[in-house]
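*Asks:* Submitted below is the structure of interest, expressed as structure tokens.
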Amino acid sequence: MPPPTAANQVANAADGYGIVAWAAVSADVAQVALLRQRPSLSPRLPLPANFLKFADEQTVVAMAAVRQAIAAHLQETDFSAWGVLAAPSGLGRLGSTAALHRVRQKGYQLASPMLIPHQSLHSVSATIGMALGSRGPNYGISGDAAHLVEGLVTLLAAMDDHPLAGWWLVLTGWDPEPALDESGQCLTPGDCHALALAFVPVPAPWPGLRLRYRPGRSPISAAVPRLRDLMQLLTAAAAAQRPCRWSAAVNGCGLVELEGVAGCPAPLAVTQAARAA
Amino acid sequence: MNLAEPIWITGVGTANPLGHSYPETADNLLAGVSGVGTLTEPEMAGHISRIAGRVAPLPAPPGWDAASFARLDEVEQMFFWCAIQALRDADLWDRRSELRIGLVLGLGSEWMVFWETDLARGGRRIYQPQPERRGVAEKLRHDLGLTGPVATVAAACASANYALAQARRWLWRGWVDVCLAGGGDRSAKPMCMACFANLGALSRRNDAPQAASRPFDRDRDGFVMGEGGALFVLEAAAAARRRRARAYAEVAGFGASSDAFHMVMPNTDPQPAVQALRAALDDARLDPADVDYVNAHGTSTPLGDVAETRVLQIVLGEACRRIPVSSTKSMTGHALSGAAAIDALACLTALERQAVPPTINLDQPDPACDLCHVPHQARPHRVRVALSNAFGFGGSNTCLILRQAS
């Protein structure tokens with residue numbers, strides 16, 4: 001088992017992980033261009049202005065969601081001992097279309113060396129982890145319509161394997177997805193969405209959102225949940241300061257569930273209590 | 001399930017440049033055979049790097065209709081081949097409907113390869129919205145009738161190590177009875193080759209493909225693209241014993257960290273990678289001196305091999321002088337998302353055959369890569385514990401430890 005680091009002790013003293021901050025961001029293509037120009041996540045985490053120059057649109061919006069979550073509740077947090085997971089859907093379609101068009105027009109010698117590092121499935125988590133200075137694991141999940149469920153069940157396993165001070169899970173995707181022309185320009189409107197969830201070890205009697213797994217047989221091939229629906233549910237529940245519950249079937253073996261008060265009452269106090277524990 | 005319950009590998013399926021099965025691959029690894037060749041398709045003319053380790057065309061698996069298998073794309077063919085072979089090897093193929101079998105794929109470039117291939121065939125799927133798109137993991141689950149959870153994970157070249165760790169955790173959590181896990185890639189395509197070449201990462205030894213991948217050698221000039229992958233059947237040791245299954249190895253330890261340094265470049269600070277290796281050793285409850293073989297990430301890049309050497313020297317300490325280290329990417333090329341899975345095959349080979357596969361083309365070891373190398377030829381060696389490093393773009397550091405099952 002891992003050595004008893006300070007982070008491990010925090011995780012072991014608490015009763016699982018709860019969401020202490022979250023933010024949902026949606027942006028159309030024009031808004032993504034604006035977000036790309038302001039990459040820094042907080043005054044404590046400044047980044048060069050070109051940090052997101054080559055990033056996929058989903059990475060740009062994911063960074064904006066992380067920035068909002070930090071601004072809400074985590075401005076003093078040190079993320080160096082955190083892990084970062086990101087579960088996009090359809091990542092890289094706009095960038096790949098433009099890149100393939102470019103090489104068809106001008107030859108492979110003009111293929112961008114930045115395409116693969118910034119459009120592959122790991123690129124969202126890697127960009128966020130680098131921006132935060134996070135030394136915990138970072139990896140990408142899914143890439144398709146099942147990204148919500150795959151992201152959450154992967155996070156549960158990752159939390160077991162690496163008891164850290166905290167975890168980010170960032171879910172991203174287009175809804176609606178735009179149709180593209182051969183150069184990668186959008187022919188129809190598209191909105192890019194990101195939901196950033198910050199998990200830390202929390203004590204048992206905690207009213208905020210908590211991620212749970214409920215074992216048992218569950219349907220196979222149930223309809224996949226949509227990111228936009230989850231974002232709307234959390235946003236409405238937070239505005240009303242009321243508990244909410246969201247669940248989704250994991251193929252054949254149970255449910256993943258988010259339950260609690262979406263507004264995260266006094267999340268900073270809880271975070272500090274978990275740290276002290 | 002008890003977290004102390006060992007998790008065993010009881011089945012193997014693979015398609016890689018050295019073969020279409022584990023025994024064939026093991027034979028070729030120990031014989032020092034190179035699977036690297038020249039890419040001859042017209043689109044590759046003029047490319048800076050025109051060499052790669054490719055998978056020979058796959059036949060339809062036993063019992064499959066050849067025409068329907070041929071309609072699958074290359075990535076799908078590879079994973080179907082590996083999954084079916086692994087389940088048959090584990091003697092679980094006919095029992096798959098009785099068991100909750102999960103699937104964790106390490107695969108990072110699925111859609112880029114899919115879109116490029118489709119476009120090259122005159123398709124237009126990249127231009128059209130596909131909000132309900134499902135990847136190869138779901139296709140495998142559906143078509144093979146698997147009734148456990150599935151996930152795709154990606155940490156570039158470290159993807160398959162994460163997949164094996166996640167499968168082990170799913171077994172410990174009791175979510176699955178059996179889990180298929182591993183990784184693969186088919187990225188030796190014109191676009192991917194051009195991107196890596198323009199990054200300066202690929203070898204340019206087009207005139208000597210089989211001598212191009214030369215990890216730790218003074219004259220190395222970049223990695224050679226590889227293709228292929230492997231899937232492993234994982235199950236709890238107690239369950240495997242009850243059905244008298246063959247145990248290839250125990251998945252004994254896993255560690256991971258991130259550099260938070262650069263999207264492409266290896267970190268100048270060895271500490272994050274050191275932390276990943278030490279976490280894997282702690283997880284396996286082993287000391288560095290217990291390691292009998294290291295399958296290095298060893299991609300044959302000038303910076304990466306030196307950085308890994310430093311990490312191994314720090315973690316293994318004095319033992320580094322006697323623990324044999326080899327990079328089998330010298331034979332297979334670097335299969336990106338599939339690399340760690342193929343490297344795990346090399347570790348299984350060492351554990352099963354009690355011999356260490358060589359680093360071929362290691363004519364003049366780089367003085368900055370001072371390790372206990374196994375150049376050119378396999379070496380008989382007592383191997384009970386094998387350690388496999390996999391580092392990836394995005395600053396991912398992972399280490400997997402496989403141990404003889406007992």
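Letters A, B, ... go to the chains of the structure tokens in the order shown; residues in each chain start at 1; ligands are counted from 1 in the same order.
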Write out as a PDB file with all heavy atoms, in the first residue's frame which residues come within 6 Å of Gly333 of chain B when counting only C-alpha atoms, dropping same-chain ones fewer than 2 positions away.
*Replies:*
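File written: around20.pdb
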ATOM      1  N   GLY B  53       6.889  -0.244 -36.649  1.00  0.00           N
ATOM      2  CA  GLY B  53       6.571  -1.634 -36.321  1.00  0.00           C
ATOM      3  C   GLY B  53       5.078  -1.831 -36.473  1.00  0.00           C
ATOM      4  O   GLY B  53       4.297  -1.250 -35.718  1.00  0.00           O
ATOM      5  N   VAL B 224      10.876   4.907 -32.821  1.00  0.00           N
ATOM      6  CA  VAL B 224      10.273   4.334 -34.018  1.00  0.00           C
ATOM      7  C   VAL B 224       8.816   4.027 -33.689  1.00  0.00           C
ATOM      8  O   VAL B 224       8.523   3.378 -32.690  1.00  0.00           O
ATOM      9  CB  VAL B 224      11.000   3.033 -34.437  1.00  0.00           C
ATOM     10  CG1 VAL B 224      10.244   2.325 -35.551  1.00  0.00           C
ATOM     11  CG2 VAL B 224      12.425   3.354 -34.877  1.00  0.00           C
ATOM     12  N   MET B 225       7.915   4.532 -34.513  1.00  0.00           N
ATOM     13  CA  MET B 225       6.501   4.290 -34.265  1.00  0.00           C
ATOM     14  C   MET B 225       6.200   2.797 -34.283  1.00  0.00           C
ATOM     15  O   MET B 225       6.741   2.053 -35.115  1.00  0.00           O
ATOM     16  CB  MET B 225       5.661   4.988 -35.337  1.00  0.00           C
ATOM     17  CG  MET B 225       4.171   4.922 -35.098  1.00  0.00           C
ATOM     18  SD  MET B 225       3.666   5.871 -33.654  1.00  0.00           S
ATOM     19  CE  MET B 225       3.772   7.533 -34.317  1.00  0.00           C
ATOM     20  N   GLY B 226       5.364   2.372 -33.370  1.00  0.00           N
ATOM     21  CA  GLY B 226       4.925   0.983 -33.347  1.00  0.00           C
ATOM     22  C   GLY B 226       3.411   0.923 -33.322  1.00  0.00           C
ATOM     23  O   GLY B 226       2.738   1.936 -33.096  1.00  0.00           O
ATOM     24  N   LYS B 329      11.191  -2.037 -26.786  1.00  0.00           N
ATOM     25  CA  LYS B 329      10.795  -1.164 -27.905  1.00  0.00           C
ATOM     26  C   LYS B 329      11.862  -1.181 -29.000  1.00  0.00           C
ATOM     27  O   LYS B 329      11.598  -0.746 -30.118  1.00  0.00           O
ATOM     28  CB  LYS B 329      10.556   0.263 -27.402  1.00  0.00           C
ATOM     29  CG  LYS B 329       9.324   0.393 -26.504  1.00  0.00           C
ATOM     30  CD  LYS B 329       9.048   1.825 -26.119  1.00  0.00           C
ATOM     31  CE  LYS B 329       7.859   1.933 -25.167  1.00  0.00           C
ATOM     32  NZ  LYS B 329       8.146   1.404 -23.816  1.00  0.00           N
ATOM     33  N   SER B 330      13.050  -1.631 -28.664  1.00  0.00           N
ATOM     34  CA  SER B 330      14.063  -1.799 -29.707  1.00  0.00           C
ATOM     35  C   SER B 330      13.593  -2.792 -30.766  1.00  0.00           C
ATOM     36  O   SER B 330      14.040  -2.729 -31.916  1.00  0.00           O
ATOM     37  CB  SER B 330      15.382  -2.280 -29.087  1.00  0.00           C
ATOM     38  OG  SER B 330      15.194  -3.507 -28.382  1.00  0.00           O
ATOM     39  N   MET B 331      12.682  -3.689 -30.392  1.00  0.00           N
ATOM     40  CA  MET B 331      12.177  -4.697 -31.332  1.00  0.00           C
ATOM     41  C   MET B 331      10.773  -4.372 -31.847  1.00  0.00           C
ATOM     42  O   MET B 331      10.452  -4.637 -33.006  1.00  0.00           O
ATOM     43  CB  MET B 331      12.152  -6.064 -30.653  1.00  0.00           C
ATOM     44  CG  MET B 331      13.526  -6.585 -30.318  1.00  0.00           C
ATOM     45  SD  MET B 331      13.486  -8.116 -29.357  1.00  0.00           S
ATOM     46  CE  MET B 331      13.465  -7.484 -27.690  1.00  0.00           C
TER      47      MET B 331
END
*Asks:* Can you tell me which residues surround Ala239 of chain A at a distance of at most 10 Å, considering only C-alpha atoms, apart from same-chain residues fewer than 4 positions away, and format the answer as number ranges by chain?
*Replies:* A: 234-235, 262-263
*Asks:* Rank nothing, just name the residue among A:Leu45, A:Leu52, A:Ala158, A:Leu227 nearest to Cys192 of chain A, using only C-alpha atoms.
*Replies:*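 Closest residue, counting only C-alpha atoms: A:Leu227.
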*Asks:* Which chain A residues are at most 7 Å from chain B (counting only C-alpha atoms), as a PyMOL selection string?
*Replies:* chain A and resi 1-3+93+96-97+108-109+111-113+115+117+120-123+126+129-130+133-142+144-145+150+157+177-181+250-253
*Asks:* Show me, as a list in words, the residues that have an atom within 7 Å of Ser326 of chain B when counting only C-alpha atoms, minus same-chain residues fewer than 4 positions from it.
*Replies:*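 That gives Val294, Asn295, Ala296, Pro357, Pro358, Thr359, His373 and Val374 of chain B.
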*Asks:* Could you turn the residues from that selection into a file that holds all heavy atoms, as a PDB file, in the first residue's frame?
*Replies:*
ATOM      1  N   VAL B 294      13.929  -5.058 -15.016  1.00  0.00           N
ATOM      2  CA  VAL B 294      13.240  -3.809 -15.351  1.00  0.00           C
ATOM      3  C   VAL B 294      13.023  -3.753 -16.852  1.00  0.00           C
ATOM      4  O   VAL B 294      13.987  -3.792 -17.625  1.00  0.00           O
ATOM      5  CB  VAL B 294      14.058  -2.573 -14.905  1.00  0.00           C
ATOM      6  CG1 VAL B 294      13.390  -1.291 -15.408  1.00  0.00           C
ATOM      7  CG2 VAL B 294      14.213  -2.544 -13.388  1.00  0.00           C
ATOM      8  N   ASN B 295      11.749  -3.684 -17.250  1.00  0.00           N
ATOM      9  CA  ASN B 295      11.451  -3.374 -18.644  1.00  0.00           C
ATOM     10  C   ASN B 295      11.292  -1.863 -18.724  1.00  0.00           C
ATOM     11  O   ASN B 295      10.292  -1.301 -18.266  1.00  0.00           O
ATOM     12  CB  ASN B 295      10.177  -4.081 -19.120  1.00  0.00           C
ATOM     13  CG  ASN B 295       9.960  -3.871 -20.610  1.00  0.00           C
ATOM     14  OD1 ASN B 295       9.508  -2.817 -21.041  1.00  0.00           O
ATOM     15  ND2 ASN B 295      10.327  -4.872 -21.395  1.00  0.00           N
ATOM     16  N   ALA B 296      12.295  -1.213 -19.283  1.00  0.00           N
ATOM     17  CA  ALA B 296      12.320   0.247 -19.299  1.00  0.00           C
ATOM     18  C   ALA B 296      11.319   0.812 -20.293  1.00  0.00           C
ATOM     19  O   ALA B 296      10.952   0.158 -21.269  1.00  0.00           O
ATOM     20  CB  ALA B 296      13.727   0.730 -19.667  1.00  0.00           C
ATOM     21  N   PRO B 357      14.545 -10.476 -21.967  1.00  0.00           N
ATOM     22  CA  PRO B 357      14.651 -10.087 -23.379  1.00  0.00           C
ATOM     23  C   PRO B 357      15.697  -8.990 -23.550  1.00  0.00           C
ATOM     24  O   PRO B 357      15.908  -8.183 -22.647  1.00  0.00           O
ATOM     25  CB  PRO B 357      13.249  -9.555 -23.710  1.00  0.00           C
ATOM     26  CG  PRO B 357      12.361 -10.001 -22.601  1.00  0.00           C
ATOM     27  CD  PRO B 357      13.227 -10.153 -21.404  1.00  0.00           C
ATOM     28  N   PRO B 358      16.328  -8.935 -24.703  1.00  0.00           N
ATOM     29  CA  PRO B 358      17.415  -7.970 -24.882  1.00  0.00           C
ATOM     30  C   PRO B 358      16.944  -6.604 -25.364  1.00  0.00           C
ATOM     31  O   PRO B 358      15.804  -6.435 -25.785  1.00  0.00           O
ATOM     32  CB  PRO B 358      18.257  -8.627 -25.973  1.00  0.00           C
ATOM     33  CG  PRO B 358      17.241  -9.326 -26.830  1.00  0.00           C
ATOM     34  CD  PRO B 358      16.177  -9.822 -25.876  1.00  0.00           C
ATOM     35  N   THR B 359      17.855  -5.646 -25.307  1.00  0.00           N
ATOM     36  CA  THR B 359      17.735  -4.398 -26.069  1.00  0.00           C
ATOM     37  C   THR B 359      18.577  -4.596 -27.317  1.00  0.00           C
ATOM     38  O   THR B 359      19.816  -4.651 -27.235  1.00  0.00           O
ATOM     39  CB  THR B 359      18.293  -3.204 -25.276  1.00  0.00           C
ATOM     40  OG1 THR B 359      17.624  -3.120 -24.019  1.00  0.00           O
ATOM     41  CG2 THR B 359      18.110  -1.912 -26.056  1.00  0.00           C
ATOM     42  N   HIS B 373      22.634  -3.190 -18.684  1.00  0.00           N
ATOM     43  CA  HIS B 373      21.945  -3.473 -19.943  1.00  0.00           C
ATOM     44  C   HIS B 373      22.032  -4.956 -20.325  1.00  0.00           C
ATOM     45  O   HIS B 373      22.922  -5.689 -19.880  1.00  0.00           O
ATOM     46  CB  HIS B 373      22.567  -2.647 -21.074  1.00  0.00           C
ATOM     47  CG  HIS B 373      22.362  -1.171 -20.912  1.00  0.00           C
ATOM     48  ND1 HIS B 373      21.122  -0.581 -20.958  1.00  0.00           N
ATOM     49  CD2 HIS B 373      23.246  -0.145 -20.703  1.00  0.00           C
ATOM     50  CE1 HIS B 373      21.242   0.728 -20.787  1.00  0.00           C
ATOM     51  NE2 HIS B 373      22.514   1.014 -20.621  1.00  0.00           N
ATOM     52  N   VAL B 374      21.127  -5.337 -21.197  1.00  0.00           N
ATOM     53  CA  VAL B 374      21.135  -6.686 -21.782  1.00  0.00           C
ATOM     54  C   VAL B 374      21.169  -6.494 -23.300  1.00  0.00           C
ATOM     55  O   VAL B 374      20.152  -6.575 -23.976  1.00  0.00           O
ATOM     56  CB  VAL B 374      19.867  -7.463 -21.357  1.00  0.00           C
ATOM     57  CG1 VAL B 374      19.932  -8.914 -21.858  1.00  0.00           C
ATOM     58  CG2 VAL B 374      19.676  -7.415 -19.856  1.00  0.00           C
TER      59      VAL B 374
END
*Asks:* Hey, what's within 9 Å of Phe232 of chain B if we count only C-alpha atoms and toss same-chain stuff fewer than 5 positions away? As a list in words, please?
*Replies:*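 Final neighbour list, sorted by chain and number: Ile9, Thr10, Gly11, Val12, Gly13, Thr14, Cys82, Ala83, Ala86, Leu87, Leu164, Cys179, Leu180, Ala181, Gly182 and Ala341 of chain B.
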*Asks:* Could you find all residues in segment 74-162 of chain A that DSSP calls helix (DSSP H, G or I) from the backbone, and write them as a ChimeraX atom specification?
*Replies:* /A:93-106,108-110,115-119,123-132,147-161
*Asks:* Name the residues of segment 207-326 of chain B that come out as strand (DSSP E) in a backbone DSSP run; write them as a ChimeraX atom specification.
*Replies:* /B:225-226,228-236,249-258,293-295,325-326
*Asks:* Can you pull out the residues contacting segment 49-51 of chain B? Cut-off 6 Å, using only C-alpha atoms, and skip same-chain residues under 5 positions away; I want them as a list in words.
*Replies:*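 Contacts, in chain order: Gly37, Thr38, Leu39, Arg204, Asn206 and Pro209 of chain B.
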*Asks:* At a cut-off of 12 Å, using only C-alpha atoms, what residues contact segment 314-319 of chain B? Leave out same-chain residues fewer than 2 positions from it and give the result as a count of residues only.
*Replies:* 38
*Asks:* Work out how far atom CA of Gly35 of chain B is from atom CA of Arg71 of chain B, in Å to one decimal.
*Replies:* 25.6 Å
*Asks:* List the neighbours of Val383 of chain B out to 9 Å using only C-alpha atoms; skip same-chain residues closer than 5 positions along the sequence, and give me the result as a list in words.
*Replies:*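 In the requested form, the answer reads Val291, Asp292, Tyr293, Ala350, Leu351, Glu352, Arg353, Gln354, Ala355, Val356, Arg403 and Gln404 of chain B.
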*Asks:* Can you write just those residues out, C-alpha atoms, as a short mmCIF file (atom, residue, chain, number, x, y, z; two decimals), in the first residue's frame?
*Replies:*
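The resulting again-v3.cif:
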data_model
loop_
_atom_site.label_atom_id
_atom_site.label_comp_id
_atom_site.auth_asym_id
_atom_site.auth_seq_id
_atom_site.Cartn_x
_atom_site.Cartn_y
_atom_site.Cartn_z
CA VAL B 291 13.33 -6.44 -8.37
CA ASP B 292 14.78 -8.99 -10.79
CA TYR B 293 14.12 -7.28 -14.11
CA ALA B 350 10.80 -12.90 -18.38
CA LEU B 351 8.76 -14.38 -15.54
CA GLU B 352 7.66 -17.44 -17.49
CA ARG B 353 10.80 -18.25 -19.45
CA GLN B 354 13.26 -17.13 -16.74
CA ALA B 355 15.17 -15.08 -19.26
CA VAL B 356 15.49 -11.36 -19.89
CA ARG B 403 5.30 -10.96 -9.75
CA GLN B 404 5.32 -14.72 -10.14
#
*Asks:* Could you tell me which of A:Ala204, A:Ala98, A:Leu155, A:Ala27 comes closest to Trp174 of chain A if we count only C-alpha atoms?
*Replies:*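 Checking each candidate against Trp174 of chain A, we get A:Ala27 as the closest.
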*Asks:* Measuring atom to atom with only C-alpha atoms, identify which of A:Ala198, A:Ala165, A:Met63, A:Met159 is nearest to Arg36 of chain A.
*Replies:*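 The answer is A:Met63, which sits nearest to Arg36 of chain A.
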*Asks:* Quick one: of B:Leu231, B:Ala208, B:Leu336, B:Ala236, who's nearest to Phe79 of chain B, counting only C-alpha atoms?
*Replies:*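 Of all the options, B:Leu231 lies closest to Phe79 of chain B.
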*Asks:* In Å to one decimal, how far is atom CA of Thr59 of chain A from atom CA of Ala194 of chain A?
*Replies:*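 Atom-to-atom, atom CA of Ala194 of chain A and atom CA of Thr59 of chain A are spaced 8.7 Å apart.
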*Asks:* Would you please work out which residue, of A:Asp28, A:Ser42, A:Asp229, A:Lys106, is nearest to Ala69 of chain A when using only C-alpha atoms?
*Replies:* A:Ser42
